[in-house]
Each structure stands twice: as C-alpha cells, then as structure tokens.
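Engineer: Okay, handing you the structure first.
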Amino acid sequence: MKTLVLGSTSPFRKTILEKLNLPFECAKPNIDESPQTNELPEQLVERLAIEKAKAVSSNYSNALVVGSDQVAVCDGQIIGKPHNYDNAVKQLSSFSGKAITFYTGLCVYCTNTKAAKSLVEPFIVHFKQLSEQDIANYINAEQPFNCAGSFKSEGLGICLFEKLAGDDPNTLIGLPLIKLVELLKQLGLDVLAHQTNT
C-alpha cells in the first residue's frame with residue numbers, strides 16, 4: 001500500500017483522518033497562502049489544497065498526499081482569524097442572524113503518477129441572533145482567537161448555531177471525509193479493503 005500522508009499539522013484534520021483507521025504520516029506544507037488578485041474563495045482553497053499536497057510530495061516516492069485548505073465567507077468577504085478579543089467580538093456580532101459559507105478545498109496527489117484529484121466542498125452555518133452577552137460568554141469560555149470566524153464548531157461554538165447545512169459534518173472542521181474516501185478510491189486506495197483487525 002502507498003504511504004498515506006496528510007499535508008497538514010492541524011490537530012483537527014489529524015483527528016478526522018484517524019477515523020479512516022489507516023496508518024498515515026503528517027507533514028507541514030510550507031507555502032504562501034496569500035490570495036491572488038481577483039481570486040474567488042472557491043478558487044483560492046482549491047489552489048492552496050493542491051499546492052499543499054504537492055509541497056510535501058517531494059519527500060515521498062510512493063505516496064498519496066492529502067492537502068486541504070478552508071476559508072469562511074460572509075457577505076462575499078473572506079473571514080480570517082480574529083487573533084484577539086475585540087476582533088472576535090466584531091466577527092461574531094457581524095454573523096448574528098446570518099449564514100456563513102465555509103469552502104474547503106481538498107486534493108489527493110499521487111507521487112508516482114503525478115495525478116492530482118481535487119474539489120471544493122461547501123458547508124453552511126446559520127447563526128442564531130446573538131446578544132452581546134452570548135458573544136462575550138462564548139469568547140471568554142473558548143478563546144477562539146486562532147479560528148477563522150472566531151468559533152470552534154467541534155466545541156462550544158455549536159451553541160451559536162441555528163442549523164448546519166452540508167453533506168459531511170467533517171467538512172466544517174476542515175477535512176471532507178466522505179469526498180476524501182472517494183478521491184482515495186479514484187487513485188487506487190480502497191479504505192475498506194485495507195482495514196485490518198486490531
């Protein structure tokens with residue numbers, strides 16, 4: 001079996017990939033993640049997912065490398081990480097009663113054949129009407145300053161939502177697992193066929 005490599009050091013993506021019960025390695029992709037001029041969010045995340053997969057592929061001769069990138073979009077604008085309390089308050093206040101779309105780019109790159117399969121998976125988060133107290137309580141509890149959009153959906157962030165809309169809840173955390181299984185199969189790795197009893 002080819003080596004499976006996650007081109008990310010995100011603990012959240014690592015936890016998601018572990019659900020597939022396959023051995024894999026993690027590698028940090030060092031790439032410039034700056035958007036290009038007039039690049040749409042969907043184009044940005046797909047390009048970066050491909051670049052991340054290719055960036056770590058040079059270290060592996062017989063591998064399938066997974067790259068992933070995600071942005072959140074509200075009112076047509078890409079939302080970054082808040083980095084501090086005041087920015088987190090601004091972000092969450094602006095989301096109150098609105099829907100935020102997360103676009104997650106996914107790429108699987110085969111180091112042998114140089115074949116790359118990629119796609120973009122959307123996921124929509126509908127926010128409740130949030131009071132100033134709701135926002136303050138949440139930020140103080142979870143301090144989501146390194147999370148795009150100022151919340152952790154896998155934690156208390158769920159308290160901020162009215163509903164979630166998408167094909168795969170893993171997408172929101174950063175790795176669309178249903179689609180990943182499909183792409184791996186297209187490149188010759190059948191996840192279920194490689195299960196071993198532990």
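Letters for chains follow the order of the structure tokens (A, B, ...), residue numbers begin at 1 for each chain, and ligand numbers begin at 1 in the order shown.
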Using only C-alpha atoms, which protein or nucleic acid residues come within 12 Å of A:Leu119? Drop anything in the same chain fewer than 3 positions from it, and give the result as a VMD selection string.
Structural biologist: chain A and resid 42 to 50 66 to 70 103 to 108 116 122 175 to 176 179 to 180 182 to 183
Engineer: May I have all residues of stretch 59-139 of chain A that DSSP, computed from the backbone, assigns to strand (DSSP E), given as a ChimeraX atom specification?
Structural biologist: /A:63-74,77-79,99-110,116-127
Engineer: Convert the current residue selection to file output with N, CA and C atoms, as an mmCIF file, in the first residue's frame.
Structural biologist:
```
data_model
loop_
_atom_site.group_PDB
_atom_site.id
_atom_site.type_symbol
_atom_site.label_atom_id
_atom_site.label_comp_id
_atom_site.auth_asym_id
_atom_site.auth_seq_id
_atom_site.Cartn_x
_atom_site.Cartn_y
_atom_site.Cartn_z
ATOM 1 N N ALA A 63 3.518 7.566 -2.490
ATOM 2 C CA ALA A 63 2.555 8.059 -1.503
ATOM 3 C C ALA A 63 1.340 8.716 -2.149
ATOM 4 N N LEU A 64 0.275 8.746 -1.365
ATOM 5 C CA LEU A 64 -0.888 9.585 -1.677
ATOM 6 C C LEU A 64 -0.886 10.698 -0.628
ATOM 7 N N VAL A 65 -0.787 11.931 -1.103
ATOM 8 C CA VAL A 65 -0.679 13.072 -0.203
ATOM 9 C C VAL A 65 -1.985 13.854 -0.219
ATOM 10 N N VAL A 66 -2.516 14.109 0.968
ATOM 11 C CA VAL A 66 -3.782 14.826 1.123
ATOM 12 C C VAL A 66 -3.488 16.282 1.492
ATOM 13 N N GLY A 67 -4.017 17.194 0.693
ATOM 14 C CA GLY A 67 -3.916 18.615 1.006
ATOM 15 C C GLY A 67 -5.310 19.180 1.215
ATOM 16 N N SER A 68 -5.433 20.116 2.146
ATOM 17 C CA SER A 68 -6.743 20.709 2.416
ATOM 18 C C SER A 68 -6.572 22.156 2.852
ATOM 19 N N ASP A 69 -7.519 22.992 2.461
ATOM 20 C CA ASP A 69 -7.495 24.387 2.885
ATOM 21 C C ASP A 69 -8.935 24.864 3.020
ATOM 22 N N GLN A 70 -9.151 25.806 3.920
ATOM 23 C CA GLN A 70 -10.527 26.241 4.181
ATOM 24 C C GLN A 70 -10.597 27.747 4.389
ATOM 25 N N VAL A 71 -11.665 28.347 3.861
ATOM 26 C CA VAL A 71 -11.983 29.737 4.199
ATOM 27 C C VAL A 71 -13.459 29.836 4.558
ATOM 28 N N ALA A 72 -13.753 30.839 5.366
ATOM 29 C CA ALA A 72 -15.142 31.163 5.695
ATOM 30 C C ALA A 72 -15.488 32.456 4.971
ATOM 31 N N VAL A 73 -16.727 32.532 4.456
ATOM 32 C CA VAL A 73 -17.154 33.701 3.692
ATOM 33 C C VAL A 73 -18.479 34.218 4.250
ATOM 34 N N CYS A 74 -18.515 35.522 4.525
ATOM 35 C CA CYS A 74 -19.742 36.176 4.981
ATOM 36 C C CYS A 74 -19.924 37.443 4.164
ATOM 37 N N GLN A 77 -17.216 38.318 1.686
ATOM 38 C CA GLN A 77 -15.855 38.603 2.156
ATOM 39 C C GLN A 77 -15.261 37.388 2.869
ATOM 40 N N ILE A 78 -13.982 37.123 2.588
ATOM 41 C CA ILE A 78 -13.286 36.041 3.301
ATOM 42 C C ILE A 78 -13.012 36.492 4.731
ATOM 43 N N ILE A 79 -13.322 35.620 5.666
ATOM 44 C CA ILE A 79 -13.153 35.922 7.083
ATOM 45 C C ILE A 79 -11.892 35.233 7.584
ATOM 46 N N ALA A 99 -26.007 33.603 7.570
ATOM 47 C CA ALA A 99 -25.418 32.326 7.170
ATOM 48 C C ALA A 99 -23.991 32.566 6.701
ATOM 49 N N ILE A 100 -23.076 31.739 7.169
ATOM 50 C CA ILE A 100 -21.679 31.796 6.770
ATOM 51 C C ILE A 100 -21.400 30.550 5.940
ATOM 52 N N THR A 101 -20.736 30.720 4.797
ATOM 53 C CA THR A 101 -20.371 29.569 3.971
ATOM 54 C C THR A 101 -18.893 29.259 4.160
ATOM 55 N N PHE A 102 -18.614 28.011 4.480
ATOM 56 C CA PHE A 102 -17.237 27.536 4.548
ATOM 57 C C PHE A 102 -16.943 26.776 3.260
ATOM 58 N N TYR A 103 -15.848 27.127 2.622
ATOM 59 C CA TYR A 103 -15.384 26.396 1.445
ATOM 60 C C TYR A 103 -14.118 25.650 1.834
ATOM 61 N N THR A 104 -14.133 24.328 1.641
ATOM 62 C CA THR A 104 -12.959 23.525 1.950
ATOM 63 C C THR A 104 -12.434 22.907 0.665
ATOM 64 N N GLY A 105 -11.191 23.266 0.331
ATOM 65 C CA GLY A 105 -10.530 22.662 -0.822
ATOM 66 C C GLY A 105 -9.877 21.366 -0.390
ATOM 67 N N LEU A 106 -9.946 20.364 -1.251
ATOM 68 C CA LEU A 106 -9.380 19.048 -0.947
ATOM 69 C C LEU A 106 -8.631 18.555 -2.175
ATOM 70 N N CYS A 107 -7.440 18.029 -1.965
ATOM 71 C CA CYS A 107 -6.659 17.448 -3.056
ATOM 72 C C CYS A 107 -5.991 16.173 -2.571
ATOM 73 N N VAL A 108 -5.986 15.158 -3.431
ATOM 74 C CA VAL A 108 -5.163 13.974 -3.202
ATOM 75 C C VAL A 108 -4.193 13.886 -4.381
ATOM 76 N N TYR A 109 -2.901 13.809 -4.056
ATOM 77 C CA TYR A 109 -1.849 13.821 -5.073
ATOM 78 C C TYR A 109 -1.049 12.531 -4.984
ATOM 79 N N CYS A 110 -0.915 11.854 -6.113
ATOM 80 C CA CYS A 110 -0.160 10.601 -6.172
ATOM 81 C C CYS A 110 1.275 10.919 -6.592
ATOM 82 N N ALA A 116 -3.379 14.322 -9.792
ATOM 83 C CA ALA A 116 -3.993 15.058 -8.682
ATOM 84 C C ALA A 116 -5.502 15.095 -8.885
ATOM 85 N N LYS A 117 -6.224 14.766 -7.837
ATOM 86 C CA LYS A 117 -7.690 14.880 -7.846
ATOM 87 C C LYS A 117 -8.051 15.951 -6.826
ATOM 88 N N SER A 118 -8.873 16.916 -7.241
ATOM 89 C CA SER A 118 -9.211 17.981 -6.287
ATOM 90 C C SER A 118 -10.666 18.409 -6.451
ATOM 91 N N LEU A 119 -11.187 19.040 -5.397
ATOM 92 C CA LEU A 119 -12.560 19.534 -5.409
ATOM 93 C C LEU A 119 -12.728 20.564 -4.302
ATOM 94 N N VAL A 120 -13.877 21.217 -4.305
ATOM 95 C CA VAL A 120 -14.229 22.164 -3.247
ATOM 96 C C VAL A 120 -15.573 21.752 -2.671
ATOM 97 N N GLU A 121 -15.626 21.648 -1.349
ATOM 98 C CA GLU A 121 -16.848 21.223 -0.664
ATOM 99 C C GLU A 121 -17.388 22.383 0.185
ATOM 100 N N PRO A 122 -18.620 22.829 -0.080
ATOM 101 C CA PRO A 122 -19.193 23.912 0.734
ATOM 102 C C PRO A 122 -19.914 23.374 1.967
ATOM 103 N N PHE A 123 -19.997 24.211 2.972
ATOM 104 C CA PHE A 123 -20.757 23.880 4.184
ATOM 105 C C PHE A 123 -21.287 25.192 4.752
ATOM 106 N N ILE A 124 -22.559 25.213 5.116
ATOM 107 C CA ILE A 124 -23.180 26.472 5.540
ATOM 108 C C ILE A 124 -23.573 26.411 7.014
ATOM 109 N N VAL A 125 -23.177 27.458 7.742
ATOM 110 C CA VAL A 125 -23.510 27.593 9.153
ATOM 111 C C VAL A 125 -24.488 28.752 9.314
ATOM 112 N N HIS A 126 -25.665 28.470 9.855
ATOM 113 C CA HIS A 126 -26.663 29.514 10.120
ATOM 114 C C HIS A 126 -26.556 29.908 11.587
ATOM 115 N N PHE A 127 -26.264 31.180 11.821
ATOM 116 C CA PHE A 127 -26.097 31.665 13.195
ATOM 117 C C PHE A 127 -27.424 32.126 13.793
#
```
Engineer: Quote the spacing between atom CA of A:Pro82 and atom CA of A:Ile31 in Å to one decimal place.
Structural biologist: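 Result for atom CA of A:Pro82 versus atom CA of A:Ile31: 21.3 Å, one decimal.
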Engineer: Using only C-alpha atoms, which protein or nucleic acid residues come within 12 Å of A:Ser94? Drop anything in the same chain fewer than 2 positions from it, and give the result as a list of chain:residue names.
Structural biologist: A:Val73, A:Cys74, A:Asp75, A:Gln77, A:Ile79, A:Asn87, A:Ala88, A:Val89, A:Lys90, A:Gln91, A:Leu92, A:Ser96, A:Gly97, A:Lys98, A:Ala99, A:Ile100, A:Phe127, A:Lys128, A:Gln129, A:Leu130, A:Ser131, A:Glu132, A:Ile135, A:Gly149, A:Ser150
Engineer: Enumerate, as a VMD selection string, the complete set of residues in stretch 80-131 of chain A that a backbone-based DSSP assignment places in alpha helix (DSSP H).
Structural biologist: chain A and resid 85 to 95
Engineer: Just to be explicit: take each residue in the selection above, keep N, CA and C atoms, and write the result as a tab-separated table (two decimals), in the first residue's frame.
Structural biologist:
```
chain	number	residue	atom	x	y	z
A	85	TYR	N	-9.41	39.47	21.24
A	85	TYR	CA	-10.78	39.52	21.77
A	85	TYR	C	-11.66	40.50	20.98
A	86	ASP	N	-11.18	41.71	20.75
A	86	ASP	CA	-12.00	42.73	20.09
A	86	ASP	C	-12.42	42.31	18.69
A	87	ASN	N	-11.47	41.72	17.95
A	87	ASN	CA	-11.80	41.27	16.59
A	87	ASN	C	-12.79	40.10	16.62
A	88	ALA	N	-12.67	39.24	17.62
A	88	ALA	CA	-13.61	38.12	17.75
A	88	ALA	C	-15.02	38.63	18.01
A	89	VAL	N	-15.14	39.67	18.85
A	89	VAL	CA	-16.45	40.26	19.11
A	89	VAL	C	-17.03	40.84	17.81
A	90	LYS	N	-16.19	41.53	17.05
A	90	LYS	CA	-16.66	42.13	15.77
A	90	LYS	C	-17.15	41.04	14.82
A	91	GLN	N	-16.35	39.97	14.69
A	91	GLN	CA	-16.72	38.91	13.77
A	91	GLN	C	-18.05	38.28	14.17
A	92	LEU	N	-18.15	37.86	15.42
A	92	LEU	CA	-19.36	37.16	15.84
A	92	LEU	C	-20.58	38.09	15.82
A	93	SER	N	-20.39	39.35	16.11
A	93	SER	CA	-21.50	40.32	16.04
A	93	SER	C	-22.00	40.44	14.60
A	94	SER	N	-21.07	40.43	13.65
A	94	SER	CA	-21.46	40.57	12.24
A	94	SER	C	-22.15	39.31	11.71
A	95	PHE	N	-21.94	38.16	12.37
A	95	PHE	CA	-22.56	36.91	11.92
A	95	PHE	C	-23.98	36.73	12.46
```
Engineer: List the spatial neighbours of A:Phe12 as a list in words - criterion: any atom at most 12 Å away, only C-alpha atoms, same-chain residues fewer than 5 positions off excluded.
Structural biologist: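 Within the cut-off, the hits are Leu6, Leu17, Glu18, Lys19, Ser68, Cys147, Lys152, Ser153, Glu154, Gly155, Asn170, Thr171, Leu172, Ile173, Gly174, Leu175 and Pro176 of chain A.
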Engineer: Residues at most 9 Å from A:Met1, counting only C-alpha atoms, excluding those fewer than 4 positions away in the same chain, as JSON, numbers by chain?
Structural biologist: {"A": [62, 63, 189, 194]}
Engineer: Would you export the selected residues with C-alpha atoms as a short mmCIF file (atom, residue, chain, number, x, y, z; two decimals), in the first residue's frame, please?
Structural biologist:
```cif
data_model
loop_
_atom_site.label_atom_id
_atom_site.label_comp_id
_atom_site.auth_asym_id
_atom_site.auth_seq_id
_atom_site.Cartn_x
_atom_site.Cartn_y
_atom_site.Cartn_z
CA ASN A 62 5.30 6.09 -3.22
CA ALA A 63 2.55 8.06 -1.50
CA LEU A 189 -6.75 3.22 -2.31
CA HIS A 194 -7.29 -2.01 3.68
#
```
Engineer: Please indicate the distance in Å from atom CA of A:Gln186 to atom CA of A:Pro23, rounded to one decimal place.
Structural biologist: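 Rounded to one decimal, the two atoms are 18.9 Å apart.
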